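Student: Contents of start.cif (mmCIF, C-alpha atoms) are given next:
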data_start
loop_
_atom_site.label_atom_id
_atom_site.label_comp_id
_atom_site.auth_asym_id
_atom_site.auth_seq_id
_atom_site.Cartn_x
_atom_site.Cartn_y
_atom_site.Cartn_z
CA MET Z 1 107.84 -21.32 162.16
CA ALA Z 2 108.83 -23.85 159.51
CA PHE Z 3 111.58 -26.20 160.64
CA SER Z 4 114.84 -26.15 158.71
CA LEU Z 5 117.85 -28.41 159.14
CA PHE Z 6 119.99 -25.41 158.31
CA GLN Z 7 118.18 -22.62 160.11
CA LEU Z 8 121.42 -21.82 161.95
CA GLU Z 9 122.97 -21.07 158.53
CA MET Z 10 125.66 -23.70 158.97
CA GLU Z 11 127.65 -24.73 155.92
CA VAL Z 12 126.00 -27.65 154.15
CA PRO Z 13 128.50 -30.54 154.17
CA SER Z 14 129.18 -32.71 151.13
CA PRO Z 15 127.22 -35.96 151.09
CA PRO Z 16 129.03 -39.28 151.52
CA HIS Z 17 130.50 -40.18 148.13
CA GLN Z 18 133.38 -41.90 146.42
CA GLY Z 19 134.25 -39.84 143.38
CA GLY Z 20 135.07 -36.38 142.17
CA GLU Z 21 134.01 -33.13 143.82
CA PHE Z 22 133.87 -29.73 142.12
CA SER Z 23 133.35 -26.20 143.41
CA VAL Z 24 131.81 -23.66 141.04
CA VAL Z 25 130.55 -20.09 140.98
CA ASP Z 26 127.56 -19.57 138.69
CA MET Z 27 126.89 -16.25 136.96
CA HIS Z 28 124.99 -14.95 133.97
CA THR Z 29 125.67 -12.16 131.51
CA GLY Z 30 122.59 -10.94 129.69
CA GLY Z 31 120.90 -14.23 130.53
CA GLU Z 32 123.70 -16.44 129.19
CA PRO Z 33 124.98 -18.75 131.96
CA LEU Z 34 128.58 -19.07 133.03
CA ARG Z 35 129.75 -21.80 135.37
CA ILE Z 36 133.19 -20.86 136.69
CA ILE Z 37 135.02 -23.99 137.83
CA VAL Z 38 137.28 -23.09 140.73
CA SER Z 39 138.32 -26.52 142.03
CA GLY Z 40 138.07 -30.24 141.33
CA TYR Z 41 139.98 -30.47 138.04
CA PRO Z 42 143.36 -32.18 137.83
CA GLU Z 43 146.27 -30.25 136.35
CA VAL Z 44 145.63 -29.13 132.78
CA LYS Z 45 148.98 -29.75 131.13
CA GLY Z 46 150.52 -27.67 128.36
CA ASP Z 47 153.05 -24.90 127.85
CA SER Z 48 150.53 -22.54 126.21
CA ILE Z 49 146.85 -21.77 126.55
CA LEU Z 50 146.13 -23.45 123.20
CA SER Z 51 148.04 -26.58 124.18
CA LYS Z 52 146.07 -26.66 127.45
CA ARG Z 53 142.88 -26.44 125.38
CA ARG Z 54 144.03 -29.44 123.34
CA TYR Z 55 144.96 -31.37 126.49
CA ALA Z 56 141.56 -30.72 128.08
CA ARG Z 57 139.81 -31.88 124.91
CA GLU Z 58 141.89 -35.04 124.59
CA HIS Z 59 142.26 -36.10 128.24
CA LEU Z 60 139.68 -34.35 130.44
CA ASP Z 61 136.58 -34.14 128.31
CA HIS Z 62 134.62 -36.43 130.64
CA LEU Z 63 134.78 -33.64 133.23
CA ARG Z 64 133.39 -31.09 130.78
CA ARG Z 65 130.47 -33.39 130.10
CA ALA Z 66 129.92 -33.97 133.81
CA LEU Z 67 129.64 -30.25 134.56
CA MET Z 68 127.98 -28.98 131.36
CA PHE Z 69 125.52 -31.81 130.66
CA GLU Z 70 122.52 -32.98 132.67
CA PRO Z 71 121.95 -33.74 135.50
CA ARG Z 72 124.26 -30.91 136.69
CA GLY Z 73 123.84 -28.70 133.64
CA HIS Z 74 121.82 -28.62 130.43
CA ALA Z 75 122.21 -28.45 126.64
CA ASP Z 76 122.87 -24.69 126.72
CA MET Z 77 125.20 -24.54 129.73
CA TYR Z 78 128.48 -22.67 129.34
CA GLY Z 79 131.59 -23.03 131.48
CA ALA Z 80 134.95 -21.45 132.24
CA LEU Z 81 137.88 -23.33 133.73
CA ILE Z 82 140.59 -21.22 135.34
CA VAL Z 83 144.06 -22.55 134.52
CA ASP Z 84 147.67 -21.46 134.99
CA SER Z 85 148.86 -18.73 132.66
CA GLU Z 86 152.11 -18.87 130.72
CA THR Z 87 152.37 -15.08 130.69
CA PRO Z 88 152.94 -12.87 133.73
CA LYS Z 89 150.83 -10.17 132.05
CA ALA Z 90 147.65 -12.15 132.76
CA ASP Z 91 145.78 -12.02 136.06
CA LEU Z 92 144.15 -15.31 135.10
CA ALA Z 93 143.94 -17.71 132.18
CA VAL Z 94 140.79 -19.52 131.15
CA LEU Z 95 139.45 -22.31 128.98
CA PHE Z 96 135.88 -21.96 127.70
CA MET Z 97 133.59 -24.97 127.35
CA HIS Z 98 130.09 -25.70 126.06
CA ASN Z 99 127.88 -28.54 124.83
CA GLU Z 100 130.21 -29.52 121.98
CA GLY Z 101 133.71 -28.80 123.25
CA TYR Z 102 135.93 -25.78 123.79
CA SER Z 103 135.71 -22.28 122.38
CA THR Z 104 138.55 -19.86 121.71
CA MET Z 105 136.79 -16.70 122.92
CA CYS Z 106 133.68 -15.82 124.89
CA GLY Z 107 132.74 -12.20 125.53
CA HIS Z 108 129.92 -12.86 127.97
CA ALA Z 109 132.32 -15.01 129.98
CA VAL Z 110 135.01 -12.29 129.95
CA ILE Z 111 132.48 -9.80 131.32
CA ALA Z 112 131.54 -12.20 134.13
CA LEU Z 113 135.14 -13.20 134.82
CA GLY Z 114 136.12 -9.55 135.15
CA ARG Z 115 133.73 -9.11 138.09
CA PHE Z 116 134.68 -12.50 139.50
CA ALA Z 117 138.41 -11.74 139.39
CA VAL Z 118 137.97 -8.53 141.38
CA ASP Z 119 135.40 -9.88 143.85
CA TYR Z 120 137.39 -13.06 144.53
CA LYS Z 121 140.65 -11.14 144.85
CA LEU Z 122 142.47 -12.52 141.84
CA VAL Z 123 143.47 -8.88 141.39
CA LYS Z 124 145.32 -7.76 144.50
CA GLU Z 125 144.66 -4.03 144.53
CA PRO Z 126 141.38 -2.92 142.91
CA GLN Z 127 141.37 0.62 141.57
CA THR Z 128 138.58 3.21 141.39
CA PRO Z 129 136.76 3.98 139.09
CA GLU Z 130 137.93 0.96 137.05
CA THR Z 131 140.10 -2.04 137.75
CA GLN Z 132 141.94 -3.62 134.85
CA VAL Z 133 141.86 -7.42 134.64
CA ASN Z 134 144.02 -9.15 132.03
CA ILE Z 135 142.48 -12.45 130.97
CA LEU Z 136 144.42 -14.91 128.82
CA CYS Z 137 141.94 -16.60 126.48
CA PRO Z 138 142.75 -19.22 123.82
CA CYS Z 139 142.46 -16.45 121.18
CA GLY Z 140 144.92 -14.20 123.06
CA LEU Z 141 145.17 -11.70 125.90
CA VAL Z 142 141.96 -9.75 126.52
CA GLN Z 143 141.90 -6.64 128.68
CA ALA Z 144 138.79 -6.18 130.83
CA PHE Z 145 137.96 -3.06 132.83
CA VAL Z 146 135.65 -3.48 135.81
CA GLU Z 147 133.73 -0.62 137.38
CA TYR Z 148 134.76 -0.49 141.03
CA SER Z 149 133.57 1.87 143.76
CA ASP Z 150 133.14 1.50 147.54
CA GLY Z 151 134.14 -2.16 147.36
CA LYS Z 152 131.50 -3.02 144.76
CA THR Z 153 131.95 -4.17 141.17
CA GLY Z 154 129.63 -3.17 138.33
CA ARG Z 155 129.63 -2.93 134.57
CA VAL Z 156 132.53 -4.46 132.63
CA ARG Z 157 134.03 -3.49 129.27
CA PHE Z 158 136.74 -5.35 127.41
CA LEU Z 159 139.09 -4.75 124.50
CA SER Z 160 139.07 -7.56 121.98
CA VAL Z 161 141.88 -9.30 120.19
CA PRO Z 162 142.22 -8.09 116.57
CA ALA Z 163 138.87 -8.60 114.82
CA PHE Z 164 138.59 -8.80 111.05
CA VAL Z 165 136.39 -9.73 108.11
CA PHE Z 166 137.44 -13.03 106.57
CA ALA Z 167 135.11 -12.97 103.55
CA GLU Z 168 132.13 -11.00 102.22
CA ASP Z 169 129.19 -12.17 100.13
CA VAL Z 170 130.02 -15.87 100.19
CA THR Z 171 127.37 -17.90 98.34
CA VAL Z 172 126.50 -21.23 99.92
CA GLU Z 173 123.85 -23.86 99.22
CA VAL Z 174 121.77 -24.07 102.40
CA GLU Z 175 119.71 -27.23 102.74
CA GLY Z 176 116.02 -26.41 102.62
CA PHE Z 177 116.61 -22.79 101.61
CA GLY Z 178 118.71 -22.85 98.43
CA GLU Z 179 121.53 -20.45 97.60
CA LEU Z 180 122.15 -17.74 100.19
CA THR Z 181 124.90 -15.16 100.72
CA VAL Z 182 126.72 -14.77 104.04
CA ASP Z 183 129.57 -12.73 105.48
CA ILE Z 184 132.24 -14.33 107.66
CA SER Z 185 133.91 -12.30 110.40
CA TYR Z 186 136.25 -13.01 113.30
CA GLY Z 187 135.94 -11.63 116.83
CA GLY Z 188 138.02 -14.16 118.76
CA ALA Z 189 135.99 -16.86 116.99
CA PHE Z 190 134.67 -17.08 113.43
CA TYR Z 191 130.97 -16.50 112.69
CA ALA Z 192 128.79 -16.48 109.60
CA PHE Z 193 126.34 -13.55 109.46
CA ILE Z 194 123.02 -13.42 107.65
CA ASP Z 195 119.78 -11.47 107.93
CA ALA Z 196 117.07 -13.63 109.49
CA GLN Z 197 114.56 -12.13 107.05
CA ARG Z 198 116.20 -14.25 104.32
CA PHE Z 199 114.41 -17.16 106.01
CA GLY Z 200 111.20 -15.22 106.65
CA LEU Z 201 112.15 -14.99 110.33
CA ASP Z 202 112.42 -12.28 112.97
CA VAL Z 203 115.19 -12.66 115.57
CA THR Z 204 113.01 -11.14 118.31
CA LYS Z 205 109.66 -12.75 117.49
CA SER Z 206 110.08 -16.05 115.66
CA ARG Z 207 110.14 -19.41 117.41
CA THR Z 208 113.56 -20.25 118.79
CA ARG Z 209 113.38 -23.69 117.16
CA ASP Z 210 112.91 -22.13 113.71
CA LEU Z 211 115.82 -19.73 114.25
CA VAL Z 212 118.05 -22.58 115.45
CA ASP Z 213 117.18 -24.73 112.44
CA ALA Z 214 117.99 -21.90 110.00
CA ALA Z 215 121.26 -20.97 111.69
CA THR Z 216 122.36 -24.60 111.99
CA ALA Z 217 121.71 -25.14 108.28
CA VAL Z 218 123.87 -22.11 107.45
CA THR Z 219 126.69 -23.30 109.70
CA LYS Z 220 126.64 -26.72 108.04
CA ALA Z 221 126.70 -25.16 104.56
CA VAL Z 222 129.58 -22.80 105.34
CA LYS Z 223 131.65 -25.53 106.97
CA SER Z 224 131.24 -27.72 103.89
CA LYS Z 225 132.38 -24.99 101.47
CA VAL Z 226 134.71 -22.52 103.20
CA LYS Z 227 138.18 -23.33 104.53
CA LEU Z 228 138.97 -20.82 107.25
CA TYR Z 229 142.40 -19.48 108.07
CA HIS Z 230 143.80 -17.51 110.99
CA PRO Z 231 147.29 -15.94 110.86
CA CYS Z 232 148.14 -16.85 114.46
CA SER Z 233 147.16 -20.50 114.77
CA GLU Z 234 145.29 -23.26 112.96
CA ASP Z 235 143.60 -23.96 116.30
CA LEU Z 236 141.61 -20.75 115.75
CA ALA Z 237 140.53 -21.59 112.20
CA PHE Z 238 137.06 -23.09 112.62
CA LEU Z 239 133.51 -21.77 112.28
CA TYR Z 240 132.02 -21.42 115.75
CA GLY Z 241 128.46 -20.67 114.64
CA THR Z 242 126.00 -18.49 112.75
CA ILE Z 243 124.56 -15.17 113.88
CA LEU Z 244 121.15 -14.22 112.55
CA THR Z 245 120.59 -10.45 112.52
CA ASP Z 246 117.68 -8.06 112.08
CA GLY Z 247 119.41 -6.59 109.01
CA LYS Z 248 119.95 -3.17 110.60
CA GLU Z 249 123.64 -2.85 109.82
CA GLU Z 250 123.91 0.89 109.18
CA TYR Z 251 124.56 3.01 112.26
CA SER Z 252 121.56 4.01 114.31
CA PRO Z 253 121.15 5.09 117.94
CA GLU Z 254 118.45 2.43 118.20
CA PRO Z 255 119.44 -1.12 119.23
CA THR Z 256 120.06 -3.75 116.58
CA ALA Z 257 119.14 -7.33 117.44
CA ASN Z 258 120.79 -10.65 116.72
CA MET Z 259 120.76 -14.26 117.83
CA CYS Z 260 123.80 -16.52 117.90
CA VAL Z 261 123.55 -20.28 117.44
CA PHE Z 262 126.89 -21.92 118.11
CA ALA Z 263 128.57 -25.24 118.89
CA GLU Z 264 125.97 -28.05 118.80
CA ALA Z 265 122.90 -25.85 118.12
CA GLN Z 266 123.47 -23.99 121.39
CA VAL Z 267 121.56 -20.71 121.73
CA ASP Z 268 123.25 -17.70 123.28
CA ARG Z 269 120.87 -15.83 125.58
CA SER Z 270 123.07 -12.72 125.50
CA PRO Z 271 123.91 -10.53 122.48
CA THR Z 272 127.15 -12.59 122.23
CA GLY Z 273 130.33 -10.69 123.15
CA SER Z 274 132.61 -12.23 120.53
CA GLY Z 275 129.75 -12.01 118.04
CA VAL Z 276 129.30 -8.29 118.75
CA THR Z 277 133.06 -7.94 118.23
CA ALA Z 278 132.89 -9.69 114.86
CA ARG Z 279 129.76 -7.76 113.83
CA VAL Z 280 131.33 -4.40 114.68
CA ALA Z 281 134.39 -5.38 112.63
CA LEU Z 282 132.10 -6.26 109.73
CA GLN Z 283 130.14 -3.01 109.96
CA TYR Z 284 133.33 -0.96 110.18
CA HIS Z 285 134.84 -2.81 107.22
CA LYS Z 286 131.75 -1.95 105.14
CA GLY Z 287 131.85 1.71 106.18
CA LEU Z 288 128.55 1.48 108.04
CA ILE Z 289 129.94 2.75 111.35
CA GLN Z 290 132.79 5.07 112.25
CA MET Z 291 135.67 4.71 114.68
CA ASN Z 292 134.50 5.16 118.32
CA GLN Z 293 130.84 5.19 117.27
CA THR Z 294 128.97 3.17 119.89
CA ARG Z 295 126.16 0.83 118.87
CA THR Z 296 123.78 -1.07 121.10
CA PHE Z 297 123.29 -4.76 120.37
CA GLN Z 298 120.26 -6.60 121.69
CA SER Z 299 119.73 -10.29 122.26
CA GLY Z 300 116.87 -11.68 120.21
CA ALA Z 301 116.38 -14.28 122.94
CA THR Z 302 116.15 -12.18 126.11
CA GLY Z 303 116.29 -8.53 125.08
CA SER Z 304 119.48 -8.00 127.08
CA GLN Z 305 121.97 -5.50 125.65
CA PHE Z 306 125.68 -4.99 125.09
CA THR Z 307 127.37 -1.98 123.55
CA GLY Z 308 130.18 -2.21 121.04
CA LYS Z 309 132.48 0.13 119.13
CA ALA Z 310 135.66 0.00 117.07
CA VAL Z 311 138.43 1.80 118.94
CA GLN Z 312 141.61 1.11 116.96
CA GLU Z 313 142.67 -0.04 113.51
CA VAL Z 314 145.09 -2.98 113.56
CA GLU Z 315 146.49 -5.65 111.29
CA CYS Z 316 146.31 -9.40 111.84
CA GLY Z 317 148.58 -11.03 109.32
CA ASP Z 318 147.26 -9.96 105.91
CA PHE Z 319 143.90 -8.92 107.34
CA LYS Z 320 143.08 -5.32 108.18
CA GLY Z 321 141.00 -5.26 111.33
CA VAL Z 322 140.02 -3.40 114.45
CA VAL Z 323 140.14 -3.69 118.20
CA VAL Z 324 136.57 -3.60 119.49
CA GLU Z 325 135.36 -2.48 122.91
CA VAL Z 326 132.35 -4.43 124.21
CA SER Z 327 130.49 -3.56 127.39
CA GLY Z 328 127.86 -5.35 129.47
CA ARG Z 329 126.85 -6.51 132.93
CA ALA Z 330 127.11 -9.86 134.68
CA PHE Z 331 125.40 -11.10 137.84
CA TYR Z 332 125.95 -13.89 140.34
CA THR Z 333 123.37 -16.67 140.56
CA GLY Z 334 124.94 -19.07 143.03
CA VAL Z 335 127.81 -21.04 144.48
CA SER Z 336 127.67 -24.82 144.27
CA ARG Z 337 129.56 -27.96 145.11
CA PHE Z 338 128.98 -30.94 142.81
CA VAL Z 339 129.91 -34.53 143.55
CA GLN Z 340 130.25 -37.73 141.55
CA GLU Z 341 129.47 -41.21 142.83
CA THR Z 342 131.29 -44.14 141.30
CA GLU Z 343 128.12 -46.29 141.12
CA ASP Z 344 126.17 -43.60 139.24
CA GLN Z 345 125.92 -44.75 135.61
CA LEU Z 346 124.94 -41.21 134.54
CA THR Z 347 127.68 -39.43 136.44
CA THR Z 348 129.47 -38.26 133.28
CA GLY Z 349 126.33 -36.58 131.98
CA PHE Z 350 123.77 -36.83 129.22
CA LEU Z 351 121.76 -34.48 127.01
CA LEU Z 352 118.12 -34.45 125.95
CA LYS Z 353 117.19 -32.32 122.95
#
Could you take the file, read its structure, and then write that structure out as structure tokens?
Tutor:
Amino acid sequence: MAFSLFQLEMEVPSPPHQGGEFSVVDMHTGGEPLRIIVSGYPEVKGDSILSKRRYAREHLDHLRRALMFEPRGHADMYGALIVDSETPKADLAVLFMHNEGYSTMCGHAVIALGRFAVDYKLVKEPQTPETQVNILCPCGLVQAFVEYSDGKTGRVRFLSVPAFVFAEDVTVEVEGFGELTVDISYGGAFYAFIDAQRFGLDVTKSRTRDLVDAATAVTKAVKSKVKLYHPCSEDLAFLYGTILTDGKEEYSPEPTANMCVFAEAQVDRSPTGSGVTARVALQYHKGLIQMNQTRTFQSGATGSQFTGKAVQEVECGDFKGVVVEVSGRAFYTGVSRFVQETEDQLTTGFLLK
């Protein structure tokens, strides 16, 4: 029998260190990682979730880099920091983080956090067949519904904040590709949408590097030309990324594929929950799908799938929009404890690309 220091299954103690220590739960939704930070952060100050987001960006960003970047993470790591909520309606509040900074919405994270909240008893009395979990995100309150039976959690669906089309058929000059037309839609974050075939690419077959280069060029072009606006807060008015699609926008029972490139050329392994929200809003706005008509969205990166449908017409300021229901599954990958040592010159992280 092979010898193991821990064959008695004792808890592995932290190593001797002088520096920070963080506890995390790692999950993935459709292949997209989520590192849930449960301890180790100082108080995130602010009287609202958006002011907490600003505080984290201005005062605690070294901790984001330490947990998202190498050697503890990687260029495509994604994180969620649980913070205090200003509203009693929320079971938990969360800040989202990635390789560039802090997002306002993340659907794959909401799906994972729904399971996490029930399994880790952030919801006191789980209900069968579904347990509702209210999650305060920077974009607003999101309702998640977690399948629950015999003490086990399963699939999660959530209802989005109001999603709407910001602009259709916007012509931009994309470096290396010339003039192209994009749509811009909001699903908790703003995205530009364009058919990958406009670049001679296929979201399920082309090299990831080529897809990233095309999407990044579109994002740069849109940012340089379009000034975004959100009725609720200027903090929400920025382009998060570009979603390349397979061009299959009209309703079909067959899956439609897309790939999202966001933040600093970060590739979403999942179909992108907030992206599905924005894409459903766009398809509904164009009359390509009907209310409560469910579509299946597939990740061009991994083949994983979410479903999405418009469930209610709403208004967001001057924009006519919809509430979108998105559904998917998340899975646990581990529980970790990270430490920092004061003499480690790389303790705050680095990235190789």
Student: Expanded to explicit residues, what is the PyMOL selection byres ((chain Z and resi 71) around 12) for this file, as a ChimeraX atom specification?
Tutor: /Z:65-70,72-75,77,338-340,344-352
Student: If the PyMOL selection byres ((chain Z and resi 305) around 9) were run on this exact file, what residues would it hold? Put them as a compact mmCIF listing (two decimals) with C-alpha atoms, keeping the file's coordinate frame.
Tutor:
# COMPACT_ATOMS: atom_id res chain seq x y z
CA GLY Z 30 122.59 -10.94 129.69
CA PRO Z 255 119.44 -1.12 119.23
CA ALA Z 257 119.14 -7.33 117.44
CA SER Z 270 123.07 -12.72 125.50
CA PRO Z 271 123.91 -10.53 122.48
CA THR Z 296 123.78 -1.07 121.10
CA PHE Z 297 123.29 -4.76 120.37
CA GLN Z 298 120.26 -6.60 121.69
CA SER Z 299 119.73 -10.29 122.26
CA THR Z 302 116.15 -12.18 126.11
CA GLY Z 303 116.29 -8.53 125.08
CA SER Z 304 119.48 -8.00 127.08
CA PHE Z 306 125.68 -4.99 125.09
CA THR Z 307 127.37 -1.98 123.55
CA SER Z 327 130.49 -3.56 127.39
CA GLY Z 328 127.86 -5.35 129.47
CA ARG Z 329 126.85 -6.51 132.93
Student: Could you list, as a count of residues only, every residue within 9 Å of range 199-208 of chain Z, counting all atoms listed in the file and ignoring same-chain residues fewer than 3 positions away?
Tutor: 19
Student: Ranking Z:Lys353, Z:His62, Z:Arg35, Z:Arg337 by minimum distance to Phe22 in chain Z and counting all atoms listed in the file, which one comes first?
Tutor: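 Selected residue with least distance to Phe22 in chain Z: Z:Arg337.
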Student: Pick the closest to Asp61 in chain Z from Z:Thr277, Z:Asn99, Z:Thr171, Z:Gln143: which is it, counting only C-alpha atoms?
Tutor: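 When distances to Asp61 in chain Z are compared using only C-alpha atoms, the smallest one comes from Z:Asn99.
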Student: Could you check how far CA of Ser252 in chain Z sits from CA of Gly308 in chain Z, in Å to one decimal?
Tutor: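 Separation between CA of Ser252 in chain Z and CA of Gly308 in chain Z: 12.6 Å.
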Student: Listing only residues of range 105-192 of chain Z within 12 Å of range 38-45 of chain Z, what is the closest atom pair and its distance in Å (to one decimal) for each, using all atoms listed in the file, sorted by chain and residue number ascending, as a tab-separated table?
Tutor:
residue	atom	partner	partner_atom	distance
Z:Leu113	CA	Z:Val38	CA	11.7
Z:Phe116	CA	Z:Val38	CA	11.0
Z:Ala117	CA	Z:Val38	CA	11.5
Z:Tyr120	CA	Z:Val38	CA	10.7
Z:Leu122	CA	Z:Val38	CA	11.8
Student: Which one of Z:Glu179, Z:His230, Z:Ser185, Z:Pro162 sits closest to Ala310 in chain Z if you count all atoms listed in the file?
Tutor: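 Selected residue with least distance to Ala310 in chain Z: Z:Pro162.
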Student: Name the residues, using the chain letters and numbers of the file, that sit within 8 Å of (129.2, -16.8, 118.2) when counting all atoms listed in the file, and give them as a list in words.
Tutor: Ala189, Phe190, Tyr191, Tyr240, Gly241, Thr242, Ile243, Cys260, Val261, Phe262, Asp268, Thr272, Gly273, Ser274 and Gly275 of chain Z
